[in-house]
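Undergrad: So here's protein.txt, just compact mmCIF, C-alpha atoms and all ligand atoms:
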# COMPACT_ATOMS: atom_id res chain seq x y z
CA MET P 1 9.05 10.58 26.47
CA LYS P 2 12.59 10.03 25.17
CA ARG P 3 13.76 11.79 22.00
CA ILE P 4 15.52 10.32 19.03
CA ALA P 5 17.10 11.77 15.90
CA GLN P 6 17.24 10.02 12.55
CA SER P 7 17.20 11.73 9.19
CA LEU P 8 14.60 10.23 6.84
CA THR P 9 16.94 10.65 3.89
CA ASP P 10 20.10 9.19 5.44
CA PRO P 11 21.14 6.51 2.91
CA ASP P 12 22.14 3.99 5.62
CA PHE P 13 18.75 4.37 7.27
CA VAL P 14 16.83 4.05 4.02
CA GLN P 15 18.78 0.92 3.04
CA ASN P 16 18.30 -0.68 6.43
CA PRO P 17 15.95 1.08 8.86
CA TYR P 18 15.75 -1.89 11.24
CA PRO P 19 18.75 -1.11 13.52
CA PHE P 20 17.22 2.34 14.14
CA TYR P 21 13.82 0.78 14.85
CA ASP P 22 15.43 -1.64 17.36
CA HIS P 23 17.18 1.28 19.04
CA ALA P 24 14.01 3.40 19.16
CA ARG P 25 11.88 0.52 20.52
CA ALA P 26 14.44 -0.03 23.28
CA LEU P 27 13.99 3.60 24.38
CA GLY P 28 10.30 3.09 25.05
CA PRO P 29 7.12 2.27 23.21
CA ILE P 30 6.64 5.85 22.02
CA VAL P 31 9.52 8.17 21.27
CA MET P 32 9.70 11.76 19.99
CA TRP P 33 11.22 11.32 16.50
CA ASP P 34 12.80 14.75 15.94
CA ASP P 35 13.27 14.47 12.19
CA MET P 36 9.71 13.26 11.71
CA GLY P 37 8.55 16.23 13.82
CA MET P 38 6.21 14.11 15.93
CA ALA P 39 5.94 11.32 18.45
CA ALA P 40 6.24 7.86 16.93
CA ALA P 41 5.10 4.42 18.07
CA PHE P 42 7.65 1.69 17.37
CA ASP P 43 6.37 -1.31 19.30
CA HIS P 44 3.68 -3.71 18.11
CA ALA P 45 1.31 -3.20 21.06
CA SER P 46 1.22 0.61 20.71
CA VAL P 47 0.97 0.57 16.91
CA ALA P 48 -1.88 -1.98 17.01
CA ALA P 49 -3.70 -0.09 19.79
CA LEU P 50 -3.35 3.35 18.18
CA LEU P 51 -4.56 2.03 14.80
CA ARG P 52 -7.75 0.91 16.56
CA ASP P 53 -8.16 3.94 18.85
CA ARG P 54 -11.23 5.88 17.72
CA ARG P 55 -9.94 9.05 19.42
CA LEU P 56 -7.44 9.30 16.55
CA GLY P 57 -8.02 9.45 12.81
CA ARG P 58 -6.63 10.22 9.39
CA THR P 59 -8.63 13.38 8.63
CA PRO P 60 -6.54 16.41 9.69
CA PRO P 61 -8.25 18.56 12.35
CA THR P 62 -7.44 21.70 10.34
CA PRO P 63 -8.09 21.38 6.61
CA ARG P 64 -5.03 20.91 4.42
CA PRO P 65 -3.97 23.87 2.21
CA ARG P 66 -5.80 23.92 -1.13
CA PRO P 67 -3.65 25.86 -3.63
CA ALA P 68 -5.21 25.93 -7.10
CA HIS P 69 -2.65 23.50 -8.56
CA LEU P 70 -3.58 20.88 -5.93
CA GLU P 71 -7.35 21.37 -5.92
CA PRO P 72 -8.21 18.35 -8.13
CA PHE P 73 -6.10 16.16 -5.81
CA ARG P 74 -7.82 17.59 -2.72
CA ILE P 75 -11.27 17.00 -4.25
CA LEU P 76 -10.42 13.31 -4.59
CA GLU P 77 -9.24 13.24 -0.96
CA ASP P 78 -12.56 14.84 0.09
CA HIS P 79 -14.35 11.68 -1.04
CA SER P 80 -11.68 9.01 -0.51
CA LEU P 81 -12.42 6.53 2.24
CA LEU P 82 -8.74 6.46 3.16
CA GLU P 83 -8.92 10.13 4.16
CA LEU P 84 -12.28 10.04 5.95
CA GLU P 85 -13.51 9.04 9.41
CA PRO P 86 -16.96 7.86 10.59
CA PRO P 87 -19.74 8.36 9.80
CA ARG P 88 -18.76 9.06 6.16
CA HIS P 89 -15.98 6.48 6.22
CA THR P 90 -18.37 3.79 7.49
CA ARG P 91 -20.90 4.47 4.75
CA LEU P 92 -18.33 4.60 1.94
CA ARG P 93 -16.42 1.53 3.11
CA LYS P 94 -19.60 -0.53 3.33
CA LEU P 95 -20.61 0.50 -0.19
CA VAL P 96 -17.15 -0.21 -1.61
CA LEU P 97 -17.10 -3.62 0.12
CA HIS P 98 -20.49 -4.42 -1.42
CA ALA P 99 -18.78 -4.32 -4.80
CA PHE P 100 -15.24 -5.46 -3.87
CA THR P 101 -16.32 -8.81 -2.44
CA SER P 102 -14.28 -11.89 -1.61
CA ARG P 103 -16.05 -13.62 -4.52
CA ARG P 104 -14.80 -10.93 -6.87
CA VAL P 105 -11.25 -11.41 -5.54
CA ALA P 106 -11.58 -15.20 -5.85
CA ASN P 107 -12.74 -14.74 -9.44
CA LEU P 108 -9.59 -12.74 -10.15
CA ARG P 109 -7.26 -15.62 -9.20
CA PRO P 110 -7.34 -17.18 -12.71
CA ASP P 111 -6.64 -13.71 -14.13
CA ILE P 112 -3.58 -13.33 -11.88
CA LEU P 113 -2.35 -16.72 -13.08
CA GLU P 114 -2.96 -15.88 -16.73
CA ILE P 115 -1.24 -12.49 -16.51
CA SER P 116 1.75 -14.01 -14.64
CA GLU P 117 2.13 -16.71 -17.31
CA ASP P 118 1.72 -14.20 -20.12
CA LEU P 119 4.46 -11.98 -18.67
CA LEU P 120 6.78 -14.91 -17.97
CA SER P 121 6.48 -16.17 -21.53
CA ALA P 122 7.95 -12.89 -22.78
CA LEU P 123 10.89 -12.73 -20.33
CA PRO P 124 14.48 -13.65 -21.29
CA LYS P 125 15.44 -17.27 -20.71
CA ASP P 126 19.21 -16.83 -20.60
CA ALA P 127 20.05 -13.17 -20.02
CA PRO P 128 19.71 -10.91 -16.96
CA PHE P 129 16.67 -8.64 -16.80
CA ASP P 130 14.99 -6.14 -14.48
CA LEU P 131 12.09 -7.88 -12.75
CA ILE P 132 10.35 -4.69 -11.53
CA PRO P 133 9.08 -3.27 -14.85
CA THR P 134 8.69 -6.67 -16.49
CA TYR P 135 6.83 -8.64 -13.82
CA CYS P 136 6.24 -6.89 -10.47
CA GLN P 137 4.73 -3.75 -12.01
CA PRO P 138 2.42 -5.07 -14.73
CA ILE P 139 0.61 -7.66 -12.59
CA PRO P 140 -1.10 -5.31 -10.09
CA VAL P 141 -2.01 -2.64 -12.66
CA ARG P 142 -3.44 -5.14 -15.15
CA ILE P 143 -5.44 -6.79 -12.38
CA ILE P 144 -6.84 -3.46 -11.20
CA ALA P 145 -7.73 -2.56 -14.79
CA ARG P 146 -9.64 -5.87 -15.06
CA LEU P 147 -11.25 -5.33 -11.67
CA LEU P 148 -12.49 -1.88 -12.61
CA GLY P 149 -13.38 -2.91 -16.14
CA VAL P 150 -10.97 -0.42 -17.73
CA PRO P 151 -9.15 -1.68 -20.88
CA GLU P 152 -5.77 -3.19 -20.02
CA SER P 153 -4.22 -1.31 -22.92
CA LEU P 154 -4.64 1.79 -20.75
CA ALA P 155 -2.45 0.32 -17.98
CA PRO P 156 0.59 2.52 -18.79
CA GLN P 157 -1.58 5.65 -18.60
CA LEU P 158 -3.15 4.54 -15.31
CA LEU P 159 0.33 3.89 -13.97
CA ASP P 160 1.55 7.36 -14.92
CA TRP P 161 -1.39 9.03 -13.19
CA SER P 162 -1.05 6.81 -10.15
CA ARG P 163 2.70 7.40 -9.85
CA ASP P 164 2.30 11.18 -10.04
CA MET P 165 -0.37 11.13 -7.35
CA VAL P 166 1.28 8.64 -5.00
CA ALA P 167 4.45 10.79 -5.02
CA MET P 168 2.52 13.07 -2.65
CA TYR P 169 2.90 10.47 0.12
CA GLN P 170 6.69 10.42 0.29
CA THR P 171 8.88 12.73 2.33
CA GLY P 172 10.15 15.96 0.69
CA VAL P 173 7.19 16.95 -1.50
CA THR P 174 8.13 19.82 -3.89
CA LEU P 175 5.98 22.29 -5.86
CA GLN P 176 6.71 20.24 -8.98
CA ILE P 177 5.46 17.03 -7.33
CA GLU P 178 2.32 18.88 -6.21
CA THR P 179 1.68 20.34 -9.65
CA GLN P 180 2.07 16.94 -11.32
CA ALA P 181 -0.18 15.31 -8.72
CA GLY P 182 -2.86 17.97 -9.30
CA GLN P 183 -2.69 17.54 -13.06
CA ALA P 184 -2.78 13.74 -12.85
CA ALA P 185 -5.75 13.94 -10.45
CA GLN P 186 -7.66 16.15 -12.90
CA GLU P 187 -6.95 13.95 -15.93
CA PHE P 188 -7.72 10.74 -14.02
CA THR P 189 -10.97 12.27 -12.68
CA ASP P 190 -12.09 13.30 -16.18
CA PHE P 191 -11.31 9.84 -17.48
CA MET P 192 -13.19 8.06 -14.68
CA ARG P 193 -16.19 10.36 -15.01
CA ARG P 194 -16.58 9.45 -18.69
CA TYR P 195 -16.13 5.79 -17.88
CA ILE P 196 -18.70 5.75 -15.08
CA GLU P 197 -21.26 7.57 -17.24
CA GLU P 198 -20.72 4.96 -19.94
CA ARG P 199 -21.26 2.12 -17.43
CA ARG P 200 -24.51 3.69 -16.28
CA THR P 201 -25.96 3.03 -19.71
CA LYS P 202 -23.89 -0.07 -20.59
CA PRO P 203 -23.52 -2.23 -17.44
CA ALA P 204 -20.78 -4.89 -17.47
CA ASP P 205 -19.46 -7.54 -15.10
CA ASP P 206 -17.01 -5.22 -13.37
CA LEU P 207 -16.49 -3.31 -10.14
CA ILE P 208 -17.66 0.03 -11.57
CA THR P 209 -21.01 -1.48 -12.55
CA GLN P 210 -21.30 -2.98 -9.07
CA LEU P 211 -20.36 0.30 -7.40
CA ILE P 212 -23.17 1.97 -9.35
CA ALA P 213 -25.58 -0.72 -8.12
CA ALA P 214 -24.23 -0.83 -4.54
CA GLU P 215 -26.78 0.28 -2.00
CA GLU P 216 -26.73 0.23 1.78
CA ASP P 217 -29.70 1.37 3.87
CA GLY P 218 -31.10 3.23 0.86
CA GLU P 219 -27.74 5.00 0.32
CA THR P 220 -25.76 4.88 -2.92
CA LEU P 221 -22.43 6.34 -4.00
CA SER P 222 -22.40 9.72 -5.74
CA THR P 223 -20.40 9.95 -8.98
CA ASP P 224 -17.69 11.97 -7.19
CA GLU P 225 -17.43 9.30 -4.49
CA MET P 226 -17.21 6.58 -7.11
CA ILE P 227 -14.47 8.42 -8.99
CA ALA P 228 -12.44 9.07 -5.82
CA ASN P 229 -12.65 5.51 -4.58
CA CYS P 230 -11.92 3.86 -7.94
CA ILE P 231 -8.82 6.05 -8.16
CA LEU P 232 -7.99 5.15 -4.55
CA LEU P 233 -8.17 1.43 -5.39
CA LEU P 234 -5.57 1.93 -8.08
CA ASN P 235 -3.33 4.26 -6.08
CA ALA P 236 -3.51 2.33 -2.82
CA GLY P 237 -3.45 -1.02 -4.54
CA HIS P 238 -0.70 -0.55 -7.04
CA GLU P 239 2.58 0.66 -5.54
CA ALA P 240 2.41 -1.42 -2.38
CA THR P 241 1.73 -4.61 -4.30
CA VAL P 242 4.50 -3.98 -6.85
CA HIS P 243 6.98 -3.48 -4.07
CA SER P 244 5.79 -6.34 -1.94
CA ILE P 245 6.41 -8.66 -4.93
CA GLY P 246 9.83 -7.09 -5.59
CA ASN P 247 10.89 -7.25 -1.94
CA ALA P 248 9.61 -10.82 -1.68
CA VAL P 249 11.61 -12.05 -4.68
CA ARG P 250 14.81 -10.54 -3.29
CA VAL P 251 14.31 -12.09 0.15
CA LEU P 252 13.45 -15.50 -1.34
CA ILE P 253 16.56 -15.51 -3.54
CA GLU P 254 18.76 -14.40 -0.64
CA HIS P 255 17.40 -17.26 1.47
CA THR P 256 17.47 -19.80 -1.40
CA LEU P 257 13.79 -20.52 -0.89
CA THR P 258 11.42 -21.60 -3.64
CA PRO P 259 7.75 -20.91 -2.99
CA THR P 260 5.25 -23.48 -4.17
CA PRO P 261 1.45 -23.14 -4.33
CA ASP P 262 1.36 -25.12 -1.03
CA THR P 263 3.84 -22.98 0.87
CA ALA P 264 3.03 -19.62 -0.72
CA ASP P 265 0.29 -18.61 1.76
CA ALA P 266 2.38 -18.79 4.93
CA LEU P 267 5.48 -17.58 3.11
CA SER P 268 3.67 -14.48 1.83
CA GLU P 269 2.70 -13.46 5.37
CA GLU P 270 6.29 -13.77 6.59
CA LEU P 271 7.49 -11.84 3.53
CA LEU P 272 4.99 -9.06 4.28
CA ARG P 273 6.14 -8.98 7.91
CA TYR P 274 9.85 -9.09 7.21
CA GLU P 275 9.98 -6.54 4.39
CA ALA P 276 6.82 -4.39 4.51
CA PRO P 277 6.51 -2.12 1.45
CA LEU P 278 4.96 0.77 3.45
CA HIS P 279 6.69 1.68 6.69
CA VAL P 280 4.80 4.47 8.38
CA PHE P 281 1.31 5.97 8.55
CA THR P 282 0.19 8.83 10.78
CA ARG P 283 -2.90 9.70 12.79
CA PHE P 284 -4.24 12.94 14.29
CA ALA P 285 -5.48 13.09 17.89
CA TYR P 286 -9.08 14.35 18.13
CA GLU P 287 -8.77 14.87 21.90
CA ASP P 288 -5.97 14.84 24.49
CA ILE P 289 -4.74 11.24 24.75
CA THR P 290 -2.58 9.72 27.48
CA LEU P 291 0.08 7.60 25.80
CA PRO P 292 1.56 4.37 27.28
CA THR P 293 4.59 6.46 28.32
CA GLY P 294 2.30 8.62 30.50
CA ASP P 295 2.80 11.63 28.21
CA ILE P 296 -0.17 13.49 26.78
CA LEU P 297 -0.61 13.56 23.02
CA PRO P 298 -2.42 16.88 22.73
CA LYS P 299 -5.57 17.30 20.66
CA ASP P 300 -4.72 18.00 16.98
CA ALA P 301 -1.17 16.57 17.29
CA GLU P 302 0.01 14.01 14.75
CA ILE P 303 1.63 10.71 15.70
CA ALA P 304 3.55 8.28 13.49
CA LEU P 305 2.73 4.58 13.60
CA VAL P 306 5.80 2.72 12.36
CA LEU P 307 4.40 -0.47 10.84
CA GLY P 308 7.86 -1.55 9.65
CA SER P 309 9.08 -1.48 13.26
CA ALA P 310 6.02 -3.16 14.81
CA ASN P 311 6.71 -6.07 12.45
CA ARG P 312 10.15 -6.51 14.00
CA ASP P 313 9.05 -6.31 17.66
CA PRO P 314 10.58 -9.22 19.65
CA ALA P 315 7.62 -9.07 22.08
CA VAL P 316 5.48 -10.58 19.31
CA PHE P 317 7.90 -12.25 16.90
CA ASP P 318 10.81 -14.41 18.15
CA THR P 319 14.14 -13.38 16.61
CA PRO P 320 12.25 -10.82 14.53
CA ASN P 321 15.20 -9.81 12.38
CA THR P 322 15.45 -13.37 11.06
CA PHE P 323 13.40 -14.37 8.06
CA ASP P 324 11.70 -17.57 9.17
CA PRO P 325 9.49 -19.26 6.56
CA ASN P 326 8.03 -21.51 9.27
CA ARG P 327 6.81 -18.82 11.63
CA ASN P 328 3.21 -17.75 12.01
CA ALA P 329 3.52 -14.13 10.88
CA LYS P 330 -0.20 -13.37 10.72
CA LEU P 331 0.03 -10.65 13.39
CA HIS P 332 2.11 -8.42 11.11
CA THR P 333 0.85 -4.87 10.70
CA SER P 334 1.74 -4.37 7.03
CA PHE P 335 -1.94 -3.99 6.08
CA GLY P 336 -2.63 -1.65 9.02
CA GLY P 337 -5.46 -2.37 11.44
CA GLY P 338 -8.76 -1.04 12.75
CA LEU P 339 -11.17 1.01 10.64
CA HIS P 340 -8.72 1.66 7.81
CA PHE P 341 -7.45 -1.93 7.56
CA CYS P 342 -6.45 -2.48 3.94
CA VAL P 343 -9.51 -3.16 1.77
CA GLY P 344 -7.28 -4.81 -0.82
CA ALA P 345 -5.45 -7.23 1.52
CA PRO P 346 -7.19 -10.35 0.08
CA LEU P 347 -6.29 -9.25 -3.46
CA ALA P 348 -2.69 -8.38 -2.54
CA ARG P 349 -2.33 -11.76 -0.82
CA ALA P 350 -3.74 -13.57 -3.87
CA GLU P 351 -1.25 -11.76 -6.12
CA LEU P 352 1.72 -12.78 -3.94
CA GLN P 353 0.44 -16.35 -3.51
CA ILE P 354 0.13 -16.84 -7.28
CA ALA P 355 2.83 -14.64 -8.82
CA LEU P 356 5.69 -15.87 -6.61
CA PRO P 357 5.36 -19.65 -7.20
CA LYS P 358 4.79 -19.03 -10.92
CA LEU P 359 7.99 -17.01 -11.18
CA PHE P 360 10.09 -19.65 -9.42
CA GLU P 361 8.47 -22.45 -11.41
CA ALA P 362 9.59 -20.70 -14.60
CA TYR P 363 13.01 -19.80 -13.13
CA PRO P 364 14.01 -22.45 -10.57
CA ASN P 365 17.57 -21.06 -10.40
CA LEU P 366 16.76 -17.38 -10.26
CA LYS P 367 19.66 -15.30 -8.92
CA LEU P 368 20.39 -11.66 -8.19
CA GLN P 369 22.63 -10.32 -10.93
CA SER P 370 23.72 -7.30 -8.90
CA PRO P 371 23.11 -6.37 -5.25
CA PRO P 372 19.81 -4.46 -5.20
CA SER P 373 19.39 -1.27 -3.22
CA PHE P 374 16.30 0.35 -1.77
CA ALA P 375 14.96 3.54 -3.34
CA ASN P 376 15.67 6.70 -1.37
CA SER P 377 12.01 7.35 -0.60
CA TYR P 378 10.99 6.67 2.98
CA HIS P 379 8.17 5.57 3.73
CA PHE P 380 8.09 3.38 0.63
CA HIS P 381 10.50 0.48 1.19
CA LYS P 382 11.07 -0.62 -2.35
CA HIS P 383 13.45 -1.64 -5.08
CA ASP P 384 13.03 0.47 -8.20
CA THR P 385 15.31 -1.98 -9.99
CA LEU P 386 15.83 -5.69 -9.36
CA ILE P 387 18.20 -7.23 -11.88
CA VAL P 388 17.90 -10.99 -11.83
CA ALA P 389 19.56 -13.74 -13.87
CA PRO P 390 17.76 -16.96 -14.96
C1 LIG N 1 0.93 -5.67 -0.31
C2 LIG N 1 0.09 -4.75 -0.76
C3 LIG N 1 -0.61 -3.76 0.11
C4 LIG N 1 -0.22 -3.21 1.30
C5 LIG N 1 1.06 -3.49 2.09
C6 LIG N 1 -1.26 -2.30 1.71
C7 LIG N 1 -1.26 -1.59 2.90
C8 LIG N 1 -2.29 -0.78 3.35
C9 LIG N 1 -2.32 -0.11 4.62
C10 LIG N 1 -1.21 -0.15 5.66
C11 LIG N 1 -3.50 0.57 4.70
C12 LIG N 1 -4.00 1.39 5.90
C13 LIG N 1 -3.44 2.78 5.97
C14 LIG N 1 -3.76 3.46 7.26
O1 LIG N 1 -4.23 2.81 8.21
O2 LIG N 1 -3.54 4.67 7.38
C15 LIG N 1 -4.22 0.33 3.49
C16 LIG N 1 -5.47 0.85 3.20
C17 LIG N 1 -6.10 0.64 2.01
N1 LIG N 1 -5.70 -0.19 0.98
FE1 LIG N 1 -4.05 -1.32 0.92
N2 LIG N 1 -2.26 -2.29 0.77
C18 LIG N 1 -1.90 -3.18 -0.23
C19 LIG N 1 -2.63 -3.50 -1.35
C20 LIG N 1 -3.87 -2.98 -1.65
C21 LIG N 1 -4.66 -3.34 -2.80
C22 LIG N 1 -4.28 -4.40 -3.83
C23 LIG N 1 -5.77 -2.54 -2.78
C24 LIG N 1 -6.95 -2.47 -3.73
C25 LIG N 1 -7.00 -2.94 -4.92
C26 LIG N 1 -5.69 -1.71 -1.59
C27 LIG N 1 -6.64 -0.78 -1.21
C28 LIG N 1 -6.64 -0.11 -0.02
C29 LIG N 1 -7.70 0.82 0.37
C30 LIG N 1 -8.92 1.19 -0.45
C31 LIG N 1 -7.37 1.28 1.65
C32 LIG N 1 -8.15 2.29 2.48
C33 LIG N 1 -9.05 1.56 3.47
C34 LIG N 1 -9.76 2.51 4.43
O3 LIG N 1 -9.31 3.62 4.63
O4 LIG N 1 -10.78 2.08 4.99
N3 LIG N 1 -4.52 -2.00 -0.94
N4 LIG N 1 -3.47 -0.51 2.66
Show me the file's structure as structure tokens.
TA:
Amino acid sequence: MKRIAQSLTDPDFVQNPYPFYDHARALGPIVMWDDMGMAAAFDHASVAALLRDRRLGRTPPTPRPRPAHLEPFRILEDHSLLELEPPRHTRLRKLVLHAFTSRRVANLRPDILEISEDLLSALPKDAPFDLIPTYCQPIPVRIIARLLGVPESLAPQLLDWSRDMVAMYQTGVTLQIETQAGQAAQEFTDFMRRYIEERRTKPADDLITQLIAAEEDGETLSTDEMIANCILLLNAGHEATVHSIGNAVRVLIEHTLTPTPDTADALSEELLRYEAPLHVFTRFAYEDITLPTGDILPKDAEIALVLGSANRDPAVFDTPNTFDPNRNAKLHTSFGGGLHFCVGAPLARAELQIALPKLFEAYPNLKLQSPPSFANSYHFHKHDTLIVAP
């Protein structure tokens, strides 16, 4: 296996990781990424195969450290389907999908439209403004609040908790980040526990009520499992959607493209391929695995699956570094694959398909006021600020 060096905090890399990905892919499907401290898969075939390989999984073979300040965060992970493998993952995912159905997502489409219109009506008509806090951020959190049945007025609080917890997934986690994540996890858990207890006596037409009712082969969700997975829906569902909308708007403006309700479906897939909001996930090997390079990935070793690079693999996408609104981009890996394939993909797609055309209908001449830069936070590929002019 060849080796490669690339700092994860190098500003040039963070702004544009694609030349490095091209270079790494040319060295071989799997390369030892020194700065990541593990082997990494850069090509589409290996990323797709490893995501589906049941000999690997997300649960670490040796339990993660549980210092007191992180314990509430770890308790949530103990019950979160994102952190589990079969058979618990299978049971939890089935129960969550019982409640988070395609009908429920379809029923949220008018809500996405209404929230988009509501936000647009309050935006400046003739002065530059930052699109991230005013449009990209509120849509996903308000939709998740409606999905869960939590009052939308609590959206800012949900966002604060989510942000503090999600910070754990970026590179360079400090004691302060851990402490804040632990505190947010505790407060969010307490809040959800009260809310779930209330729903037990006062059912409503929301996901929490349906999670309480969800049953599979005589199994139901415990309160701790419900809390962990409701919090997961917010944490997993929020950041990535915010940044996929932000990235999409920038790319559309740069390519002078206006999405319409008719073109938004195909366009959204190409936008997700071209500028994925989450670039890398890892897996642990549960046994010795022979990699496509012939090397052995030893039991317990971790391997990085670089989704952002798989999306730019010329073996699957012609001229992959070109944004092509007419291509069929459905094979992109931005939602992962296999057992952990994104539960919220239909919702995220609906948000892009509705929010983007609405924005450009309201602002047909939308421009970038200043050149946007990406936040220095690999693996999130995101704009924290996107100043646009009507
Ligand atoms: C554009 C937006 C989104 C992107 C790019 C995205 C991406 C992903 C990816 C890559 C994974 C798999 C991680 C892995 O394999 O290790 C995942 C899992 C997950 N996502 Fe999303 N996601 C998005 C939106 C959402 C939304 C809106 C929700 C829910 C409201 C959501 C809920 C989840 C959950 C619950 C999982 C865990 C599934 C499991 O482990 O079985 N995501 N997402």
Undergrad: What are the nearest atom pairs, with distances in Å to one decimal, for all residues of chain P that come at most 8 Å from ligand LIG 1 (chain N), using only C-alpha atoms and all ligand atoms, set out by chain and rising residue number as CSV?
TA:
residue,atom,partner,partner_atom,distance
P:Leu51,CA,N:LIG1,O1,6.6
P:Arg58,CA,N:LIG1,O2,6.7
P:Ser80,CA,N:LIG1,O3,7.8
P:Leu81,CA,N:LIG1,O3,4.9
P:Leu82,CA,N:LIG1,O3,3.2
P:Glu83,CA,N:LIG1,O3,6.5
P:Leu84,CA,N:LIG1,O3,7.2
P:His89,CA,N:LIG1,O4,6.9
P:Arg93,CA,N:LIG1,O4,6.0
P:Pro140,CA,N:LIG1,C22,7.1
P:Ile144,CA,N:LIG1,C25,6.3
P:Asn229,CA,N:LIG1,C30,7.0
P:Leu232,CA,N:LIG1,C30,5.8
P:Leu233,CA,N:LIG1,C24,4.4
P:Leu234,CA,N:LIG1,C25,6.0
P:Asn235,CA,N:LIG1,C27,7.8
P:Ala236,CA,N:LIG1,C27,4.7
P:Gly237,CA,N:LIG1,C21,3.1
P:His238,CA,N:LIG1,C22,6.2
P:Glu239,CA,N:LIG1,C2,7.6
P:Ala240,CA,N:LIG1,C2,4.4
P:Thr241,CA,N:LIG1,C2,3.9
P:Val242,CA,N:LIG1,C2,7.6
P:His243,CA,N:LIG1,C1,7.5
P:Ser244,CA,N:LIG1,C1,5.2
P:Ile245,CA,N:LIG1,C1,7.8
P:Leu272,CA,N:LIG1,C1,7.0
P:Ala276,CA,N:LIG1,C5,6.3
P:Pro277,CA,N:LIG1,C5,5.7
P:Leu278,CA,N:LIG1,C5,5.9
P:Phe281,CA,N:LIG1,O2,5.2
P:Thr282,CA,N:LIG1,O2,6.5
P:Arg283,CA,N:LIG1,O2,7.4
P:Leu307,CA,N:LIG1,C10,7.6
P:Thr333,CA,N:LIG1,C10,7.2
P:Ser334,CA,N:LIG1,C5,5.1
P:Phe335,CA,N:LIG1,C10,3.9
P:Gly336,CA,N:LIG1,C10,3.9
P:Gly337,CA,N:LIG1,O1,6.2
P:Gly338,CA,N:LIG1,O1,7.5
P:Leu339,CA,N:LIG1,O4,5.8
P:His340,CA,N:LIG1,O4,3.5
P:Phe341,CA,N:LIG1,C12,5.1
P:Cys342,CA,N:LIG1,C16,3.5
P:Val343,CA,N:LIG1,C28,4.6
P:Gly344,CA,N:LIG1,C23,3.4
P:Ala345,CA,N:LIG1,C19,5.5
P:Pro346,CA,N:LIG1,C22,7.7
P:Leu347,CA,N:LIG1,C22,5.3
P:Ala348,CA,N:LIG1,C22,4.5
P:Arg349,CA,N:LIG1,C1,6.9
Undergrad: CA of Thr319 in chain P and CA of Phe360 in chain P, how far apart in Å?
TA: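 We find that CA of Phe360 in chain P and CA of Thr319 in chain P lie 27.1 Å from each other.
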Undergrad: Which residue, P:Val150, P:Ala375, P:Leu267, P:Val96, has the smallest gap to Arg199 in chain P when you use all atoms listed in the file?
TA: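 Among the listed residues, the smallest separation from Arg199 in chain P belongs to P:Val150.
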Undergrad: With only C-alpha atoms as the atoms that count, which of P:Ser121, P:Thr385, P:Ser309, P:Thr220 lies nearest to Asn16 in chain P?
TA: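 Of P:Ser121, P:Thr385, P:Ser309, P:Thr220, the one nearest Asn16 in chain P, counting only C-alpha atoms, is P:Ser309.
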Undergrad: Provide the CA of Ser268 in chain P to CA of Gln353 in chain P distance in Å, to one decimal place.
TA: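 About the pair CA of Ser268 in chain P and CA of Gln353 in chain P: they are 6.5 Å apart.
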Undergrad: Grab the CA of Pro371 in chain P to CA of Val280 in chain P distance for me, in Å with one decimal place.
TA: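 If I compute the distance from CA of Pro371 in chain P to CA of Val280 in chain P, I get 25.3 Å.
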Undergrad: I want to know what sits within 9 Å of Ser116 in chain P, based on all atoms listed in the file, with residues of the same chain fewer than 2 positions away left out; could you give that as an MDAnalysis selection string?
TA: chainID P and resid 111:114 118:121 135 138:139 354:355 358:359
Undergrad: Which one of P:Ala301, P:Ala155, P:Ala213, P:Ala45 sits closest to Arg25 in chain P if you count all atoms listed in the file?
TA: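 Ranking P:Ala301, P:Ala155, P:Ala213, P:Ala45 by distance to Arg25 in chain P, first place goes to P:Ala45.
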